[in-house]
Amino acid sequence: MTTIDLDFKKQDGLLPVIVTDYKTGQVLMLAYMNQEAYQKTLETKQMWYWSRSRQELWHKGATSGHYQEVKKIRTDCDQDSLLIDVKQTGAACHTGEMSCFFKELI
């Protein structure tokens, strides 16, 4: 595995994170990480995020029991966004849906 310096300087210190199911490739959610959330994710192999609305770190599943176990982490060419494959326990969405992307517009 290669060590890559992610660019947390852009976008007010936050990286967008696209989270997918490691078996199906289904997009589960989009969230944000700051550097601390990223480090906690690497250390625990479970997903940690930065809540923009609450302005605090949150461990996915700590309240709901719907944890996300990290399987693979990739970055884009500019190293300012992440694509993370996870093993999802329970629903990914706070509404109870498996994916946050369940509303069809067209």
# chains A, B, ... in the order shown; residues from 1 in each chain; ligands from 1
call {"tool": "residues_around", "arguments": {"residues": "His59 in chain A", "least_positions_apart": "5", "cutoff": "12 Å", "atoms": "only C-alpha atoms", "output": "MDAnalysis selection string"}}
result
chainID A and resid 31 33 36:38 40:41 44:51 64:69
call {"tool": "residues_around", "arguments": {"residues": "Cys100 in chain A", "least_positions_apart": "2", "cutoff": "6 Å", "atoms": "only C-alpha atoms", "output": "list in words"}}
result
Leu28, Met29, Cys93 and Phe102 of chain A
call {"tool": "write_last_selection", "arguments": {"atoms": "N, CA, C and O atoms", "output": "tab-separated table (two decimals), in the first residue's frame"}}
result
chain	number	residue	atom	x	y	z
A	28	LEU	N	-23.69	3.98	-0.92
A	28	LEU	CA	-24.46	3.99	0.31
A	28	LEU	C	-24.70	5.41	0.83
A	28	LEU	O	-25.79	5.73	1.30
A	29	MET	N	-23.68	6.24	0.75
A	29	MET	CA	-23.81	7.59	1.30
A	29	MET	C	-22.66	8.48	0.85
A	29	MET	O	-21.65	7.99	0.33
A	93	CYS	N	-28.41	4.64	5.77
A	93	CYS	CA	-29.12	5.92	5.87
A	93	CYS	C	-29.85	6.05	7.21
A	93	CYS	O	-30.40	5.07	7.72
A	102	PHE	N	-31.94	6.73	-2.36
A	102	PHE	CA	-33.09	5.89	-2.69
A	102	PHE	C	-34.22	6.65	-3.36
A	102	PHE	O	-35.19	6.06	-3.83
call {"tool": "closest_residue", "arguments": {"among": "A:Thr95, A:Gln35, A:Gln88, A:Gln79", "to": "Leu14 in chain A", "atoms": "only C-alpha atoms"}}
result
A:Gln35
call {"tool": "atom_distance", "arguments": {"atom1": "CA of Leu6 in chain A", "atom2": "CA of Arg52 in chain A"}}
result
19.4 Å
call {"tool": "residues_around", "arguments": {"residues": "Asp80 in chain A", "least_positions_apart": "2", "cutoff": "12 Å", "atoms": "only C-alpha atoms", "output": "PyMOL selection string"}}
result
chain A and resi 4-18+32-35+74-78+82-83
call {"tool": "atom_distance", "arguments": {"atom1": "CA of Gly61 in chain A", "atom2": "CA of Gln26 in chain A"}}
result
18.7 Å
call {"tool": "select_by_dssp", "arguments": {"residues": "range 25-65 of chain A", "states": "strand (DSSP E)", "output": "VMD selection string"}}
result
chain A and resid 27 to 33 48 to 51 56 to 59
call {"tool": "write_last_selection", "arguments": {"atoms": "N, CA and C atoms", "output": "PDB file, in the first residue's frame"}}
result
ATOM      1  N   VAL A  27     -23.716   2.642  -4.069  1.00  0.00           N
ATOM      2  CA  VAL A  27     -23.372   3.847  -3.322  1.00  0.00           C
ATOM      3  C   VAL A  27     -24.291   3.907  -2.110  1.00  0.00           C
ATOM      4  N   LEU A  28     -23.695   3.978  -0.923  1.00  0.00           N
ATOM      5  CA  LEU A  28     -24.458   3.994   0.314  1.00  0.00           C
ATOM      6  C   LEU A  28     -24.698   5.407   0.830  1.00  0.00           C
ATOM      7  N   MET A  29     -23.677   6.241   0.754  1.00  0.00           N
ATOM      8  CA  MET A  29     -23.809   7.588   1.303  1.00  0.00           C
ATOM      9  C   MET A  29     -22.656   8.479   0.850  1.00  0.00           C
ATOM     10  N   LEU A  30     -22.845   9.759   1.067  1.00  0.00           N
ATOM     11  CA  LEU A  30     -21.809  10.770   0.886  1.00  0.00           C
ATOM     12  C   LEU A  30     -21.678  11.488   2.215  1.00  0.00           C
ATOM     13  N   ALA A  31     -20.469  11.610   2.698  1.00  0.00           N
ATOM     14  CA  ALA A  31     -20.228  12.304   3.962  1.00  0.00           C
ATOM     15  C   ALA A  31     -18.892  13.040   3.842  1.00  0.00           C
ATOM     16  N   TYR A  32     -18.431  13.599   4.958  1.00  0.00           N
ATOM     17  CA  TYR A  32     -17.194  14.369   4.957  1.00  0.00           C
ATOM     18  C   TYR A  32     -16.282  13.916   6.086  1.00  0.00           C
ATOM     19  N   MET A  33     -14.990  14.008   5.830  1.00  0.00           N
ATOM     20  CA  MET A  33     -13.977  13.705   6.838  1.00  0.00           C
ATOM     21  C   MET A  33     -13.034  14.881   6.970  1.00  0.00           C
ATOM     22  N   TRP A  48     -15.375   6.945  10.499  1.00  0.00           N
ATOM     23  CA  TRP A  48     -15.561   8.150  11.307  1.00  0.00           C
ATOM     24  C   TRP A  48     -15.736   9.303  10.345  1.00  0.00           C
ATOM     25  N   TYR A  49     -16.593  10.256  10.684  1.00  0.00           N
ATOM     26  CA  TYR A  49     -16.879  11.388   9.824  1.00  0.00           C
ATOM     27  C   TYR A  49     -16.867  12.678  10.632  1.00  0.00           C
ATOM     28  N   TRP A  50     -16.898  13.798   9.897  1.00  0.00           N
ATOM     29  CA  TRP A  50     -17.087  15.100  10.502  1.00  0.00           C
ATOM     30  C   TRP A  50     -18.501  15.555  10.150  1.00  0.00           C
ATOM     31  N   SER A  51     -19.305  15.834  11.161  1.00  0.00           N
ATOM     32  CA  SER A  51     -20.659  16.330  10.948  1.00  0.00           C
ATOM     33  C   SER A  51     -20.602  17.834  10.734  1.00  0.00           C
ATOM     34  N   GLU A  56     -19.028  18.315  14.793  1.00  0.00           N
ATOM     35  CA  GLU A  56     -18.346  17.363  15.671  1.00  0.00           C
ATOM     36  C   GLU A  56     -18.037  16.072  14.926  1.00  0.00           C
ATOM     37  N   LEU A  57     -17.082  15.346  15.477  1.00  0.00           N
ATOM     38  CA  LEU A  57     -16.706  14.040  14.965  1.00  0.00           C
ATOM     39  C   LEU A  57     -17.806  13.044  15.290  1.00  0.00           C
ATOM     40  N   TRP A  58     -18.089  12.100  14.367  1.00  0.00           N
ATOM     41  CA  TRP A  58     -19.042  11.049  14.700  1.00  0.00           C
ATOM     42  C   TRP A  58     -18.596   9.708  14.146  1.00  0.00           C
ATOM     43  N   HIS A  59     -18.810   8.697  14.953  1.00  0.00           N
ATOM     44  CA  HIS A  59     -18.462   7.317  14.623  1.00  0.00           C
ATOM     45  C   HIS A  59     -19.716   6.658  14.068  1.00  0.00           C
TER      46      HIS A  59
END
call {"tool": "atom_distance", "arguments": {"atom1": "CA of Gly90 in chain A", "atom2": "CA of Ala62 in chain A"}}
result
12.4 Å
call {"tool": "select_by_dssp", "arguments": {"residues": "chain A", "states": "alpha helix (DSSP H)", "output": "PyMOL selection string"}}
result
chain A and resi 35-44
